[in-house]
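Chemist: What follows is structure.cif, made up of mmCIF, C-alpha atoms:
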```cif
data_input
loop_
_atom_site.group_PDB
_atom_site.id
_atom_site.type_symbol
_atom_site.label_atom_id
_atom_site.label_comp_id
_atom_site.auth_asym_id
_atom_site.auth_seq_id
_atom_site.Cartn_x
_atom_site.Cartn_y
_atom_site.Cartn_z
ATOM 1 C CA MET C 1 88.850 132.403 50.122
ATOM 2 C CA PHE C 2 89.185 128.681 49.325
ATOM 3 C CA SER C 3 92.299 128.396 51.487
ATOM 4 C CA SER C 4 90.440 129.964 54.439
ATOM 5 C CA VAL C 5 87.590 127.460 54.077
ATOM 6 C CA LEU C 6 90.087 124.590 53.812
ATOM 7 C CA ALA C 7 91.943 125.821 56.882
ATOM 8 C CA LEU C 8 88.680 126.019 58.859
ATOM 9 C CA ALA C 9 87.708 122.530 57.694
ATOM 10 C CA LEU C 10 91.047 121.064 58.789
ATOM 11 C CA LEU C 11 91.183 122.896 62.114
ATOM 12 C CA PRO C 12 89.193 120.247 64.049
ATOM 13 C CA LEU C 13 91.504 117.547 62.686
ATOM 14 C CA VAL C 14 94.578 119.391 63.914
ATOM 15 C CA TRP C 15 93.063 120.255 67.298
ATOM 16 C CA GLY C 16 91.599 116.795 67.703
ATOM 17 C CA ALA C 17 94.800 114.990 66.751
ATOM 18 C CA ALA C 18 95.878 112.729 69.578
ATOM 19 C CA ASP C 19 99.166 113.700 71.213
ATOM 20 C CA PRO C 20 101.128 110.535 72.062
ATOM 21 C CA THR C 21 103.316 112.335 74.599
ATOM 22 C CA LYS C 22 100.186 112.846 76.765
ATOM 23 C CA VAL C 23 99.656 109.066 77.034
ATOM 24 C CA CYS C 24 101.593 108.198 80.179
ATOM 25 C CA LEU C 25 101.696 105.233 82.530
ATOM 26 C CA PRO C 26 101.550 105.721 86.316
ATOM 27 C CA ASP C 27 104.822 106.416 88.163
ATOM 28 C CA VAL C 28 104.508 103.037 89.908
ATOM 29 C CA PHE C 29 102.363 100.100 88.791
ATOM 30 C CA GLN C 30 102.081 96.343 88.448
ATOM 31 C CA VAL C 31 100.374 94.128 85.834
ATOM 32 C CA LEU C 32 100.111 90.429 85.101
ATOM 33 C CA GLU C 33 101.216 89.695 81.526
ATOM 34 C CA TYR C 34 99.858 86.662 79.676
ATOM 35 C CA ASN C 35 101.789 85.724 76.500
ATOM 36 C CA ILE C 36 99.253 84.394 73.985
ATOM 37 C CA GLU C 37 101.789 82.350 71.980
ATOM 38 C CA THR C 38 103.504 80.580 74.882
ATOM 39 C CA GLY C 39 100.899 80.697 77.664
ATOM 40 C CA GLU C 40 103.577 82.093 80.000
ATOM 41 C CA ARG C 41 102.449 84.389 82.816
ATOM 42 C CA VAL C 42 104.803 87.044 84.118
ATOM 43 C CA GLN C 43 104.276 89.558 86.909
ATOM 44 C CA ILE C 44 105.570 92.957 85.813
ATOM 45 C CA ALA C 45 106.359 95.741 88.277
ATOM 46 C CA VAL C 46 107.459 99.203 87.193
ATOM 47 C CA ASP C 47 108.812 102.116 89.204
ATOM 48 C CA PHE C 48 109.566 104.996 86.852
ATOM 49 C CA LYS C 49 110.642 107.183 89.817
ATOM 50 C CA GLN C 50 113.538 104.746 90.408
ATOM 51 C CA ASN C 51 113.943 103.945 86.666
ATOM 52 C CA LEU C 52 113.311 100.223 87.260
ATOM 53 C CA LEU C 53 111.197 97.574 85.539
ATOM 54 C CA THR C 54 111.062 93.923 86.555
ATOM 55 C CA SER C 55 109.395 90.810 85.212
ATOM 56 C CA VAL C 56 109.022 87.885 87.584
ATOM 57 C CA SER C 57 108.239 84.337 86.445
ATOM 58 C CA PRO C 58 108.702 81.041 88.324
ATOM 59 C CA ASN C 59 112.149 80.366 86.817
ATOM 60 C CA VAL C 60 113.677 83.788 86.273
ATOM 61 C CA THR C 61 113.474 87.406 87.366
ATOM 62 C CA ILE C 62 114.616 90.101 84.961
ATOM 63 C CA VAL C 63 115.312 93.609 86.264
ATOM 64 C CA ASP C 64 115.911 96.492 83.862
ATOM 65 C CA ASP C 65 117.757 99.389 85.484
ATOM 66 C CA TYR C 66 117.219 102.350 83.163
ATOM 67 C CA GLU C 67 119.571 104.585 85.137
ATOM 68 C CA LYS C 68 122.580 102.228 84.893
ATOM 69 C CA LEU C 69 121.408 100.899 81.482
ATOM 70 C CA ARG C 70 121.643 97.268 82.593
ATOM 71 C CA THR C 71 119.428 94.197 82.451
ATOM 72 C CA TYR C 72 119.942 91.814 85.379
ATOM 73 C CA THR C 73 118.880 88.177 84.988
ATOM 74 C CA ILE C 74 118.383 86.246 88.220
ATOM 75 C CA ASP C 75 117.630 82.512 87.953
ATOM 76 C CA ALA C 76 115.541 80.463 90.394
ATOM 77 C CA THR C 77 118.646 79.569 92.439
ATOM 78 C CA GLY C 78 119.593 83.257 92.896
ATOM 79 C CA ASN C 79 122.480 83.316 90.406
ATOM 80 C CA CYS C 80 122.727 86.696 88.730
ATOM 81 C CA GLN C 81 124.419 88.245 85.722
ATOM 82 C CA TYR C 82 123.859 91.401 83.734
ATOM 83 C CA VAL C 83 124.141 92.749 80.215
ATOM 84 C CA SER C 84 124.151 96.340 78.997
ATOM 85 C CA LEU C 85 120.976 98.019 77.769
ATOM 86 C CA SER C 86 120.989 100.504 74.924
ATOM 87 C CA PRO C 87 118.903 103.679 75.326
ATOM 88 C CA GLU C 88 116.535 102.341 72.604
ATOM 89 C CA GLU C 89 115.652 99.445 74.938
ATOM 90 C CA VAL C 90 114.335 101.719 77.690
ATOM 91 C CA TYR C 91 110.548 101.431 77.926
ATOM 92 C CA PRO C 92 109.208 104.999 78.154
ATOM 93 C CA GLN C 93 106.700 106.182 80.758
ATOM 94 C CA CYS C 94 105.016 108.371 78.135
ATOM 95 C CA LEU C 95 104.657 107.451 74.496
ATOM 96 C CA PRO C 96 107.332 108.916 72.236
ATOM 97 C CA ALA C 97 106.261 111.689 69.846
ATOM 98 C CA THR C 98 106.953 109.292 66.951
ATOM 99 C CA SER C 99 104.059 107.026 68.041
ATOM 100 C CA THR C 100 101.060 106.801 65.714
ATOM 101 C CA TYR C 101 97.438 106.765 66.861
ATOM 102 C CA VAL C 102 95.626 103.699 65.459
ATOM 103 C CA GLY C 103 92.137 104.100 66.891
ATOM 104 C CA GLU C 104 89.701 103.673 69.735
ATOM 105 C CA LEU C 105 88.372 100.384 71.070
ATOM 106 C CA PHE C 106 86.574 99.053 74.130
ATOM 107 C CA ILE C 107 87.640 96.306 76.520
ATOM 108 C CA GLY C 108 84.670 94.317 77.822
ATOM 109 C CA SER C 109 81.009 94.988 77.160
ATOM 110 C CA GLY C 110 77.977 96.643 78.661
ATOM 111 C CA PRO C 111 78.210 99.271 81.385
ATOM 112 C CA SER C 112 81.551 97.934 82.679
ATOM 113 C CA ARG C 113 83.377 98.258 79.351
ATOM 114 C CA VAL C 114 86.565 100.312 79.419
ATOM 115 C CA PRO C 115 87.523 102.689 76.608
ATOM 116 C CA ALA C 116 91.012 102.230 75.205
ATOM 117 C CA GLU C 117 93.274 103.687 72.522
ATOM 118 C CA ALA C 118 95.583 101.700 70.258
ATOM 119 C CA TRP C 119 98.992 103.106 69.311
ATOM 120 C CA ASP C 120 101.866 101.994 67.090
ATOM 121 C CA ILE C 121 105.084 102.640 69.013
ATOM 122 C CA PRO C 122 108.622 102.386 67.619
ATOM 123 C CA PHE C 123 110.552 100.176 70.053
ATOM 124 C CA LYS C 124 113.872 98.316 69.721
ATOM 125 C CA GLY C 125 113.960 98.830 65.962
ATOM 126 C CA VAL C 126 110.454 97.458 65.314
ATOM 127 C CA THR C 127 106.887 98.692 65.828
ATOM 128 C CA MET C 128 104.833 97.549 68.788
ATOM 129 C CA ARG C 129 101.051 98.034 68.803
ATOM 130 C CA VAL C 130 99.677 98.623 72.303
ATOM 131 C CA ALA C 131 96.139 99.288 73.537
ATOM 132 C CA TYR C 132 96.060 101.521 76.625
ATOM 133 C CA SER C 133 93.063 102.135 78.858
ATOM 134 C CA ASN C 134 91.524 105.568 78.408
ATOM 135 C CA GLN C 135 89.036 105.840 81.279
ATOM 136 C CA PRO C 136 88.491 109.513 82.234
ATOM 137 C CA GLY C 137 90.061 110.301 85.607
ATOM 138 C CA GLU C 138 91.804 106.913 85.861
ATOM 139 C CA PRO C 139 95.468 105.996 85.286
ATOM 140 C CA ARG C 140 96.448 104.529 81.924
ATOM 141 C CA TYR C 141 97.463 100.881 81.774
ATOM 142 C CA PRO C 142 98.352 98.544 78.910
ATOM 143 C CA PHE C 143 95.643 96.006 78.043
ATOM 144 C CA MET C 144 97.057 94.343 74.940
ATOM 145 C CA ALA C 145 100.325 94.442 73.014
ATOM 146 C CA ARG C 146 101.550 92.934 69.776
ATOM 147 C CA LEU C 147 105.077 93.117 68.457
ATOM 148 C CA VAL C 148 106.497 91.538 65.319
ATOM 149 C CA ASP C 149 110.232 91.071 65.867
ATOM 150 C CA ASP C 150 112.973 91.519 63.268
ATOM 151 C CA GLN C 151 112.669 87.823 62.299
ATOM 152 C CA GLY C 152 108.946 88.269 61.563
ATOM 153 C CA LEU C 153 107.744 86.401 64.680
ATOM 154 C CA ALA C 154 104.690 87.812 66.425
ATOM 155 C CA HIS C 155 104.587 88.245 70.191
ATOM 156 C CA SER C 156 101.144 89.044 71.617
ATOM 157 C CA SER C 157 100.292 89.712 75.246
ATOM 158 C CA LEU C 158 97.256 90.504 77.348
ATOM 159 C CA TYR C 159 97.575 92.411 80.627
ATOM 160 C CA PHE C 160 95.430 91.805 83.722
ATOM 161 C CA ASP C 161 95.201 92.902 87.355
ATOM 162 C CA GLN C 162 96.515 96.404 86.721
ATOM 163 C CA SER C 163 97.327 98.192 89.979
ATOM 164 C CA GLN C 164 99.240 101.191 91.288
ATOM 165 C CA ASN C 165 100.419 99.004 94.178
ATOM 166 C CA ILE C 166 103.388 96.661 93.820
ATOM 167 C CA THR C 167 102.711 93.455 95.744
ATOM 168 C CA VAL C 168 105.625 91.387 94.413
ATOM 169 C CA PRO C 169 108.087 91.044 97.325
ATOM 170 C CA ASN C 170 111.392 92.856 96.650
ATOM 171 C CA PRO C 171 110.885 92.964 92.869
ATOM 172 C CA PHE C 172 113.920 95.166 92.212
ATOM 173 C CA LYS C 173 116.430 93.445 94.527
ATOM 174 C CA ILE C 174 119.705 92.626 92.754
ATOM 175 C CA PRO C 175 121.911 89.967 94.413
ATOM 176 C CA ASP C 176 125.438 90.943 95.300
ATOM 177 C CA PRO C 177 127.600 89.967 93.539
ATOM 178 C CA CYS C 178 126.025 90.170 90.098
ATOM 179 C CA PRO C 179 128.804 90.024 87.488
ATOM 180 C CA PRO C 180 128.537 90.869 83.791
ATOM 181 C CA ALA C 181 127.427 87.992 81.583
ATOM 182 C CA THR C 182 130.249 86.209 79.803
ATOM 183 C CA VAL C 183 130.062 86.147 76.037
ATOM 184 C CA GLY C 184 131.144 82.901 74.584
#
```
Rewrite the structure of this file - the entire thing - as structure tokens.

Modeler:
Amino acid sequence: MFSSVLALALLPLVWGAADPTKVCLPDVFQVLEYNIETGERVQIAVDFKQNLLTSVSPNVTIVDDYEKLRTYTIDATGNCQYVSLSPEEVYPQCLPATSTYVGELFIGSGPSRVPAEAWDIPFKGVTMRVAYSNQPGEPRYPFMARLVDDQGLAHSSLYFDQSQNITVPNPFKIPDPCPPATVG
């Protein structure tokens, strides 16, 4: 009898448990990232259908090709080189099942506030905490992220101007030739 009551009491917790694999970013989107520590602004464009992610700043463009497992670095003069990516460095479209729900929060105030969920996500050997929008019927976007790297340094970012349209001209264009980076 007691076990039946306990099972009934826990049932809403199990049913209500957030499933991280249901938290997915749009197939194609763009955001403006603002790094709180450095003040750097980077335009990020993502196309999960092509397995590409790029970050564009005034001095460098970085393109991650998740299909070829390469990161291309293109400087302001157009010089390009690449390094290999490990599968752990691929940013997932949907949260991995190993992500942990942290809680609910709101971005903004009043009637225009946007509900969001915070998650701890294992990424590149550390844990990244990200708040994603959670507006019913709207795509999910990152709003805030905080990562403490393996040296204990914190990296915090805010994300603005979320859009399902990529306006950065040719964000995924890789110059030819683009040789592997030399180690030395």

Chemist: Name the residues that the PyMOL selection byres ((chain C and resi 48) around 7) pulls out of this structure, and write them as an MDAnalysis selection string.

Modeler: chainID C and resid 27:28 46:47 49:52 93

Chemist: Evaluate the PyMOL selection byres ((chain C and resi 141-154) around 7) here and jot the selected residues down as a PDB file with C-alpha atoms, keeping the file's coordinate frame.

Modeler:
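File written: expr19.pdb
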```
ATOM      1  CA  LEU C  25     101.696 105.233  82.530  1.00  0.00           C
ATOM      2  CA  VAL C 126     110.454  97.458  65.314  1.00  0.00           C
ATOM      3  CA  THR C 127     106.887  98.692  65.828  1.00  0.00           C
ATOM      4  CA  MET C 128     104.833  97.549  68.788  1.00  0.00           C
ATOM      5  CA  ARG C 129     101.051  98.034  68.803  1.00  0.00           C
ATOM      6  CA  VAL C 130      99.677  98.623  72.303  1.00  0.00           C
ATOM      7  CA  ALA C 131      96.139  99.288  73.537  1.00  0.00           C
ATOM      8  CA  TYR C 132      96.060 101.521  76.625  1.00  0.00           C
ATOM      9  CA  SER C 133      93.063 102.135  78.858  1.00  0.00           C
ATOM     10  CA  PRO C 139      95.468 105.996  85.286  1.00  0.00           C
ATOM     11  CA  ARG C 140      96.448 104.529  81.924  1.00  0.00           C
ATOM     12  CA  HIS C 155     104.587  88.245  70.191  1.00  0.00           C
ATOM     13  CA  SER C 156     101.144  89.044  71.617  1.00  0.00           C
ATOM     14  CA  SER C 157     100.292  89.712  75.246  1.00  0.00           C
ATOM     15  CA  LEU C 158      97.256  90.504  77.348  1.00  0.00           C
ATOM     16  CA  TYR C 159      97.575  92.411  80.627  1.00  0.00           C
ATOM     17  CA  GLN C 162      96.515  96.404  86.721  1.00  0.00           C
TER      18      GLN C 162
END
```

Chemist: Can you pull out the residues contacting stretch 96-101 of chain C? Cut-off 6 Å, using only C-alpha atoms, and skip same-chain residues under 2 positions away; I want them as a VMD selection string.

Modeler: chain C and resid 20 to 21 103 119 to 121

Chemist: List the residues selected by the PyMOL selection byres ((chain C and resi 161) around 8) in the file shown, writing them as a PDB file with C-alpha atoms, in the frame of the given file.

Modeler:
```
ATOM      1  CA  GLN C  30     102.081  96.343  88.448  1.00  0.00           C
ATOM      2  CA  VAL C  31     100.374  94.128  85.834  1.00  0.00           C
ATOM      3  CA  LEU C  32     100.111  90.429  85.101  1.00  0.00           C
ATOM      4  CA  TYR C 159      97.575  92.411  80.627  1.00  0.00           C
ATOM      5  CA  PHE C 160      95.430  91.805  83.722  1.00  0.00           C
ATOM      6  CA  GLN C 162      96.515  96.404  86.721  1.00  0.00           C
ATOM      7  CA  SER C 163      97.327  98.192  89.979  1.00  0.00           C
TER       8      SER C 163
END
```

Chemist: Taking only C-alpha atoms into account, which of C:Pro115, C:Val168, C:Pro26, C:Val102 comes nearest C:Val42?

Modeler: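 Closest residue, counting only C-alpha atoms: C:Val168.
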
Chemist: Got a sec: who's within 10 Å of C:Thr182, counting all atoms listed in the file, leaving out chain neighbours fewer than 2 positions off, as an mmCIF file with C-alpha atoms, in the frame of the given file?

Modeler:
```cif
data_model
loop_
_atom_site.group_PDB
_atom_site.id
_atom_site.type_symbol
_atom_site.label_atom_id
_atom_site.label_comp_id
_atom_site.auth_asym_id
_atom_site.auth_seq_id
_atom_site.Cartn_x
_atom_site.Cartn_y
_atom_site.Cartn_z
ATOM 1 C CA GLN C 81 124.419 88.245 85.722
ATOM 2 C CA TYR C 82 123.859 91.401 83.734
ATOM 3 C CA VAL C 83 124.141 92.749 80.215
ATOM 4 C CA PRO C 179 128.804 90.024 87.488
ATOM 5 C CA PRO C 180 128.537 90.869 83.791
ATOM 6 C CA GLY C 184 131.144 82.901 74.584
#
```

Chemist: What gap, in Å, lies between atom CA of C:Pro92 and atom CA of C:Asn79?

Modeler: 28.2 Å

Chemist: Here is a test: counting all atoms listed in the file, which residue of C:Thr38, C:Asn170, C:Thr77, C:Asn165 is nearest to C:Val56?

Modeler: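 Checking each of C:Thr38, C:Asn170, C:Thr77, C:Asn165 against C:Val56, counting all atoms listed in the file, the winner is C:Asn170.
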
Chemist: What separation in Å, quoted to one decimal, exists between atom CA of C:Ala181 and atom CA of C:Thr71?

Modeler: 10.2 Å

Chemist: Counting only C-alpha atoms, which of C:Val114, C:Gln43, C:Thr61, C:Ser55 gets nearest to C:Thr73?

Modeler: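 Using only C-alpha atoms, C:Thr73 sits closest to C:Thr61.
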